[in-house]
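*Asks:* Pasting a structure here, questions to come.
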Amino acid sequence: MRPSVRTRLTAVHSGLFLVVGGVLVLINHVLFTATLALPEQFVSVAVPSTSGPRPSVGPPSVLETARLEAVRDSRPQGVLDALEAFRSSAIRTSPAQSLVALVIAVGLALVLGWMVAGRVLKPLQAITSAAHRLEATGLDQRIALDGPDDELKEPADTFDGMLDRLASAFDSRQRFVANASHELRTPLAIQRTLVEVAMVTRPEVRDLGLRLLAANERSERLIEGLLLLARGDGGLAARTRVRVDLVAAEEVAACGPLAAEHGVRMTTALDPLTVLGDRVLLAHLVSNPVRNAVLHNVRGGTVRVSSGDSLVVVNTGEVITADQVPALFEPFRGLRADRTAGAKGSGLGLSIVRSTATAHHGEVTASPNPGGGLRVELVLPT
């Protein structure tokens, strides 16, 4: 796994500190060695003097110690021997002591580098956390970073401004879809009533009326789908405990006549599955894949609905390849150009399912069923 930016910054900081510290230790060793190499003209300074006692002003220095030893030996050579012994010992122990000090300093540099890197990267972590919290119901999340206007505050403010524009555009789109769909339902209801009245009063227009009613029904399904899509994108105003397995059982029972009409056999294996959400939206969330499994099946085919950790709908039908699956989740798209234009649906089924699952903090996945058909799995947080 690739190390985090904080780890890399700490490693770079400590590595540079180690290199610079190593150079300083080397320079210190060279200068220290040169300083201890006394020239011969200064050796006479270390020759003991017997002219009288010298005042003591503190602990005996190196040269004072050597002088006292030479006095005891009564020969100048003792001073030189003592100085040479001290010089060799100092040169021998100085690198080890410097390396120990360097190791301690590098350890402190690691700790301080980790703390400083975390403080420097804190605004970026705030941006990342805000991006993870974003959803249809959480576009009000903002970073609101405090501090001076610098290179770190600027991207945070830019991100907040982008969220403001995104929230405004999202709300505007939701209002437009909801209002347009709502306004269209009234004239469609009026048209349906007029057609039904005309069919009763004028039997000769019955065939035309049936075709008009079918077109009207298709338009109503489309508008209902748009309303559900807008509601799902808008998130949930309130959540209650919902038994998804019971909802699935009701939807399977409701699709029974449709399945019998298409010659499709339905089976269930429903274990308890409780989630927090909107029951009406969850009913549409379940009914869409179940209804699609019946409509896009073959005569004599099967539909199996099961629940446990997730809700799974598997149906037989025409062969679907893996590269065709993503198109099923796009609005008004399908396997064929006539799939959304026919009487089977509005072309919004799986789009509504995905939008509703996202509003419930869940996800929906689809995969080809071996032998033909589709397997749709709804994963909802319990």
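By order in the structure tokens, chains are A, B, ...; within a chain, residues start at 1; ligands start at 1, following the order shown.
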I want to know what sits within 12 Å of Val103 of chain A, based on only C-alpha atoms, with residues of the same chain fewer than 4 positions away left out; could you give that as an NGL selection string?
*Replies:* :A and (14-15 or 17-19 or 21-22 or 25 or 96-99 or 107-110)
*Asks:* For segment 160-167 of chain A, find every residue with an atom within 7 Å (counting only C-alpha atoms), except residues of its own chain fewer than 4 positions away, and show them as a list in words.
*Replies:*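 Everything that qualifies: Leu139, Arg142, Ile143, Ala156 and Asp171 of chain A.
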*Asks:* Can I get the selection written as a PDB file, in the first residue's frame, with C-alpha atoms?
*Replies:*
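Okay, result.pdb is ready:
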ATOM      1  CA  LEU A 139     -24.855  19.720   0.259  1.00  0.00           C
ATOM      2  CA  ARG A 142     -18.866  23.410   4.365  1.00  0.00           C
ATOM      3  CA  ILE A 143     -15.216  23.450   5.423  1.00  0.00           C
ATOM      4  CA  ALA A 156     -10.780  25.343   1.085  1.00  0.00           C
ATOM      5  CA  ASP A 171     -32.028  22.586  -5.849  1.00  0.00           C
TER       6      ASP A 171
END
*Asks:* Could you please write out, as a ChimeraX atom specification, every residue of segment 171-294 of chain A that DSSP assigns to strand (DSSP E or B)?
*Replies:* /A:240-243,265-270,274-277
*Asks:* Please provide the set of residues having any atom within 12 Å of segment 183-191 of chain A, restricted to only C-alpha atoms, with same-chain residues fewer than 5 positions apart removed, written as a PyMOL selection string.
*Replies:* chain A and resi 175-178+196-198+209+212-227
*Asks:* Which residues come within 12 Å of segment 146-151 of chain A, counting only C-alpha atoms, excluding same-chain residues fewer than 6 positions away, as a ChimeraX atom specification?
*Replies:* /A:120-124,126,157-158
